Amino acid sequence: MTALATYYKFSLNIMTKSYNLTETSKCVRCGACKASCPTYLTTNKETMGARGRVAMLGELDMERLAPTEVLAEMIYSCMLCGACKKLCPAGIDIPEVIYQGRAALRKAYSKGRLLKKALQLSSSGFDNIFSLLRWGQKLFYGSLYNSGVIGYVPEISSTPFKNDLQVYKTVNKTGRMAIFAGCSVNYFYPGLGQSLSHVLVSKGYEVVVFKGEVCCGAPFRSLGLEDEALKLAEKNIEHFNKVRAEAIISMCPTCTMVIRDQYPRMTGNTISNIMDVNEFLIRYDIASNLQIAPSVVTYHDPCHLSHGLGIRDKPRHILKNIKGIELVEMKHADDCCGFAGLFSMHFKDMSKSIGMKKISNISNTGADTVVTSCPGCIMQLEALRKETGSEFGIKHIVEVIDAAMHG
Ligand code: SF4
Ligand code: SF4
């Protein structure tokens with residue numbers, strides 16, 4: 001395709017406007033959003049910061065900027081962490097503007113082409129794709145990792161958590177809860193799903209696991225695949241509507257944020273009983289009177305839990321109330337760990353440089369364990385711990401509760 005034809009195709013995409021960038025016109029260019037933008041603070045470049053991105057997408061919307069590969073790179077380098085959102089005096093939902101910008105620029109972002117194809121294929125059968133990836137991991141991972149071609153990836157589980165058991169029954173039932181596991185728990189950390197099930201069952205709850213759940217859609221939206229994300233949202237909502245449960249509990253704040261905040265905008269349906277595990281533990285008073293072997297613990301705030309869902313105090317409250325835990329705060333606990341899903345694959349150096357600051361802030365506390373509430377953060381922290389030879393333990397808060405209850 002000639003450059004002219006490519007540009008014409010892009011322009012057609014912009015003219016049909018299957019995205020909405022009108023929010024960008026509210027920007028007053030104050031720059032408040034740059035103050036905590038990790039990609040701006042790492043690069044010191046206006047084009048790699050929140051204000052620059054909003055400005056460039058405004059220009060794209062006005063057709064004064066062409067949808068080039070360079071522009072796409074700057075918009076796709078956003079971590080969608082949401083640290084900028086609360087700082088905007090004009091009330092612009094900057095991460096949502098970025099999602100819309102990616103939908104406008106998805107054809108220009110060539111780095112993501114392969115991944116987009118893989119995701120489009122996987123949307124009809126995640127289990128098959130992960131099963132293939134698992135075999136690939138078994139055969140080639142060791143040599144690819146040793147030669148530095150790919151970074152650390154935890155072992156893909158042979159049985160996704162959702163295939164484990166569909167209903168955990170209890171004898172004296174006090175209620176019925178559902179678990180939305182999400183891809184990272186299903187395929188990489190099924191043990192977290194089992195820990196949550198243990199906790200729920202021992203408190204007398206019957207637990208339902210969604211066998212038919214699909215990806216929440218976050219990786220699809222982050223690649224600009226809005227139509228595919230919408231189909232996934234509709235599929236999940238179908239399952240949510242069928243299940244009778246007081247709460248749908250999620251251990252991944254990205255899934256919770258997408259389902260709670262983005263599904264209503266995407267589908268017109270509100271899922272009012274989706275709950276982050278920390279909210280659940282506090283609301284249902286699950287974590288009081290617990291005791292654990294003495295340990296010094298620090299807590300890392302996942303971006304989508306703190307910036308996205310506004311949950312900061314609850315996990316600290318839970319940890320402080322477990323006898324045996326001494327909670328010490330790290331510096332900049334709510335700074336990103338550098339994972340941000342696909343960002344860690346496409347912008348490896350930046351991801352590592354942001355993550356190294358987190359590793360040093362954790363190490364400086366002298367804590368023996370860092371606790372967090374996100375499987376994605378765990379993945380990044382495990383990778384960097386391996387690389388730096390750090391010795392602290394890494395735990396999801398649900399594992400801490402399970403250990404305190406059951407030893
Ligand atoms: S979402 Fe995060 S990385 Fe993206 S512009 Fe906002 S602060 Fe910067
Ligand atoms: S804080 Fe809001 S108004 Fe100010 S530059 Fe950023 S996006 Fe624009």
# chains A, B, ... in the order shown; residues from 1 in each chain; ligands from 1
>>> residues_near_ligand(ligand="ligand 2", cutoff="10 Å", atoms="only C-alpha atoms and all ligand atoms", output="ChimeraX atom specification")
/A:23-35,49-55,84-94,97
>>> write_last_selection(atoms="C-alpha atoms", output="PDB file, in the first residue's frame")
ATOM      1  CA  GLU A  23     -13.350  15.755  25.871  1.00  0.00           C
ATOM      2  CA  THR A  24      -9.944  17.006  24.700  1.00  0.00           C
ATOM      3  CA  SER A  25     -11.471  20.417  23.920  1.00  0.00           C
ATOM      4  CA  LYS A  26     -11.983  21.004  27.665  1.00  0.00           C
ATOM      5  CA  CYS A  27      -8.218  20.996  28.300  1.00  0.00           C
ATOM      6  CA  VAL A  28      -6.877  24.363  29.498  1.00  0.00           C
ATOM      7  CA  ARG A  29      -3.235  23.209  29.189  1.00  0.00           C
ATOM      8  CA  CYS A  30      -2.557  23.824  32.891  1.00  0.00           C
ATOM      9  CA  GLY A  31      -0.158  20.867  33.123  1.00  0.00           C
ATOM     10  CA  ALA A  32      -1.420  19.667  36.514  1.00  0.00           C
ATOM     11  CA  CYS A  33      -1.761  16.150  35.098  1.00  0.00           C
ATOM     12  CA  LYS A  34       1.970  15.947  34.337  1.00  0.00           C
ATOM     13  CA  ALA A  35       2.932  16.089  38.002  1.00  0.00           C
ATOM     14  CA  GLY A  49       3.109  13.046  29.370  1.00  0.00           C
ATOM     15  CA  ALA A  50      -0.582  13.391  30.108  1.00  0.00           C
ATOM     16  CA  ARG A  51      -0.966  17.013  28.905  1.00  0.00           C
ATOM     17  CA  GLY A  52       0.949  16.341  25.699  1.00  0.00           C
ATOM     18  CA  ARG A  53      -1.154  13.295  24.911  1.00  0.00           C
ATOM     19  CA  VAL A  54      -4.439  15.130  25.473  1.00  0.00           C
ATOM     20  CA  ALA A  55      -3.203  18.025  23.318  1.00  0.00           C
ATOM     21  CA  CYS A  84      -3.400  11.979  36.104  1.00  0.00           C
ATOM     22  CA  LYS A  85      -7.178  11.705  36.291  1.00  0.00           C
ATOM     23  CA  LYS A  86      -7.792  13.123  39.743  1.00  0.00           C
ATOM     24  CA  LEU A  87      -5.466  16.067  39.094  1.00  0.00           C
ATOM     25  CA  CYS A  88      -7.348  17.519  36.122  1.00  0.00           C
ATOM     26  CA  PRO A  89      -9.286  20.679  37.123  1.00  0.00           C
ATOM     27  CA  ALA A  90     -11.341  20.420  33.934  1.00  0.00           C
ATOM     28  CA  GLY A  91     -12.554  16.956  34.978  1.00  0.00           C
ATOM     29  CA  ILE A  92     -11.224  15.210  31.889  1.00  0.00           C
ATOM     30  CA  ASP A  93     -11.144  11.429  32.195  1.00  0.00           C
ATOM     31  CA  ILE A  94      -7.656  11.226  30.674  1.00  0.00           C
ATOM     32  CA  VAL A  97      -9.410   9.867  26.252  1.00  0.00           C
TER      33      VAL A  97
END
>>> residues_around(residues="segment 128-135 of chain A", least_positions_apart="2", cutoff="9 Å", atoms="only C-alpha atoms", output="list of chain:residue names")
A:Ala118, A:Leu121, A:Ser122, A:Gly125, A:Phe126, A:Gln137, A:Lys138, A:Leu139, A:Phe140, A:Glu155, A:Ile156, A:Ser157, A:Ser158, A:Thr159, A:Tyr187
>>> residues_near_ligand(ligand="ligand 1", cutoff="6 Å", atoms="only C-alpha atoms and all ligand atoms", output="list in words")
Ser36, Cys37, Pro38, Thr39, Gly49, Ala50, Cys78, Met79, Leu80, Cys81, Gly82, Ala83, Cys84 and Pro95 of chain A
>>> residues_around(residues="Ile75 of chain A", least_positions_apart="5", cutoff="8 Å", atoms="only C-alpha atoms", output="list in words")
Met48, Arg53, Ile98, Gly101 and Arg102 of chain A
>>> select_by_dssp(residues="segment 53-291 of chain A", states="strand (DSSP E)", output="list in words")
Val167, Tyr168, Gly175, Arg176, Met177, Ala178, Ile179, Phe180, Tyr205, Glu206, Val207, Val208, Val209, Ala247, Ile248, Ile249, Ser250, Ile274, Met275, Asp276, Leu290 and Gln291 of chain A
>>> residues_around(residues="segment 228-236 of chain A", least_positions_apart="4", cutoff="12 Å", atoms="only C-alpha atoms", output="PyMOL selection string")
chain A and resi 99+103+116-117+119-126+180-182+210-224+240-243+248+255+258-271+274
>>> write_last_selection(atoms="C-alpha atoms", output="PDB file, in the first residue's frame")
ATOM      1  CA  TYR A  99      -8.581   4.578  25.077  1.00  0.00           C
ATOM      2  CA  ALA A 103      -9.234   3.286  18.913  1.00  0.00           C
ATOM      3  CA  LYS A 116      -3.891  -7.506  18.117  1.00  0.00           C
ATOM      4  CA  LYS A 117      -4.240 -10.513  15.814  1.00  0.00           C
ATOM      5  CA  LEU A 119      -6.070 -11.149  20.926  1.00  0.00           C
ATOM      6  CA  GLN A 120      -8.669 -11.117  18.156  1.00  0.00           C
ATOM      7  CA  LEU A 121      -8.170 -14.869  17.699  1.00  0.00           C
ATOM      8  CA  SER A 122      -8.176 -15.522  21.437  1.00  0.00           C
ATOM      9  CA  SER A 123     -11.445 -13.669  22.091  1.00  0.00           C
ATOM     10  CA  SER A 124     -13.326 -16.744  20.915  1.00  0.00           C
ATOM     11  CA  GLY A 125     -11.303 -19.272  22.913  1.00  0.00           C
ATOM     12  CA  PHE A 126      -8.926 -18.132  25.649  1.00  0.00           C
ATOM     13  CA  PHE A 180     -14.512 -13.320  38.880  1.00  0.00           C
ATOM     14  CA  ALA A 181     -10.964 -14.602  38.457  1.00  0.00           C
ATOM     15  CA  GLY A 182      -9.776 -12.713  35.364  1.00  0.00           C
ATOM     16  CA  PHE A 210     -17.793 -18.535  36.455  1.00  0.00           C
ATOM     17  CA  LYS A 211     -16.725 -21.331  34.123  1.00  0.00           C
ATOM     18  CA  GLY A 212     -17.775 -19.282  31.103  1.00  0.00           C
ATOM     19  CA  GLU A 213     -16.140 -16.001  32.140  1.00  0.00           C
ATOM     20  CA  VAL A 214     -14.031 -14.318  29.484  1.00  0.00           C
ATOM     21  CA  CYS A 215     -11.351 -11.627  29.684  1.00  0.00           C
ATOM     22  CA  CYS A 216     -12.728  -8.400  31.187  1.00  0.00           C
ATOM     23  CA  GLY A 217     -11.637  -6.641  27.977  1.00  0.00           C
ATOM     24  CA  ALA A 218      -8.878  -4.414  29.419  1.00  0.00           C
ATOM     25  CA  PRO A 219      -6.070  -5.687  27.131  1.00  0.00           C
ATOM     26  CA  PHE A 220      -8.390  -5.290  24.125  1.00  0.00           C
ATOM     27  CA  ARG A 221      -9.268  -1.692  24.999  1.00  0.00           C
ATOM     28  CA  SER A 222      -5.624  -0.932  25.619  1.00  0.00           C
ATOM     29  CA  LEU A 223      -4.905  -1.979  22.027  1.00  0.00           C
ATOM     30  CA  GLY A 224      -7.782   0.070  20.634  1.00  0.00           C
ATOM     31  CA  PHE A 240     -23.301 -12.057  35.919  1.00  0.00           C
ATOM     32  CA  ASN A 241     -27.020 -11.756  35.275  1.00  0.00           C
ATOM     33  CA  LYS A 242     -27.518 -15.515  35.563  1.00  0.00           C
ATOM     34  CA  VAL A 243     -25.738 -16.052  38.864  1.00  0.00           C
ATOM     35  CA  ILE A 248     -18.908 -10.809  42.643  1.00  0.00           C
ATOM     36  CA  CYS A 255     -10.909  -6.254  36.071  1.00  0.00           C
ATOM     37  CA  VAL A 258     -13.278  -2.136  33.951  1.00  0.00           C
ATOM     38  CA  ILE A 259     -16.411  -4.021  35.039  1.00  0.00           C
ATOM     39  CA  ARG A 260     -17.563  -1.387  37.524  1.00  0.00           C
ATOM     40  CA  ASP A 261     -16.658   1.833  35.705  1.00  0.00           C
ATOM     41  CA  GLN A 262     -16.300   1.019  32.031  1.00  0.00           C
ATOM     42  CA  TYR A 263     -18.992  -1.615  31.375  1.00  0.00           C
ATOM     43  CA  PRO A 264     -21.827   0.875  32.075  1.00  0.00           C
ATOM     44  CA  ARG A 265     -20.362   3.301  29.514  1.00  0.00           C
ATOM     45  CA  MET A 266     -19.685   0.524  27.022  1.00  0.00           C
ATOM     46  CA  THR A 267     -22.891  -1.495  27.355  1.00  0.00           C
ATOM     47  CA  GLY A 268     -25.425   0.596  29.290  1.00  0.00           C
ATOM     48  CA  ASN A 269     -25.508  -2.124  31.992  1.00  0.00           C
ATOM     49  CA  THR A 270     -24.359  -1.546  35.560  1.00  0.00           C
ATOM     50  CA  ILE A 271     -22.910  -4.392  37.600  1.00  0.00           C
ATOM     51  CA  ILE A 274     -18.735  -6.321  41.622  1.00  0.00           C
TER      52      ILE A 274
END
>>> residues_around(residues="segment 109-112 of chain A", least_positions_apart="2", cutoff="8 Å", atoms="only C-alpha atoms", output="ChimeraX atom specification")
/A:69,72-73,76,105-107,114-116,223,346
>>> residues_around(residues="Val328 of chain A", least_positions_apart="4", cutoff="12 Å", atoms="only C-alpha atoms", output="ChimeraX atom specification")
/A:295-300,316,319-320,333,361-371
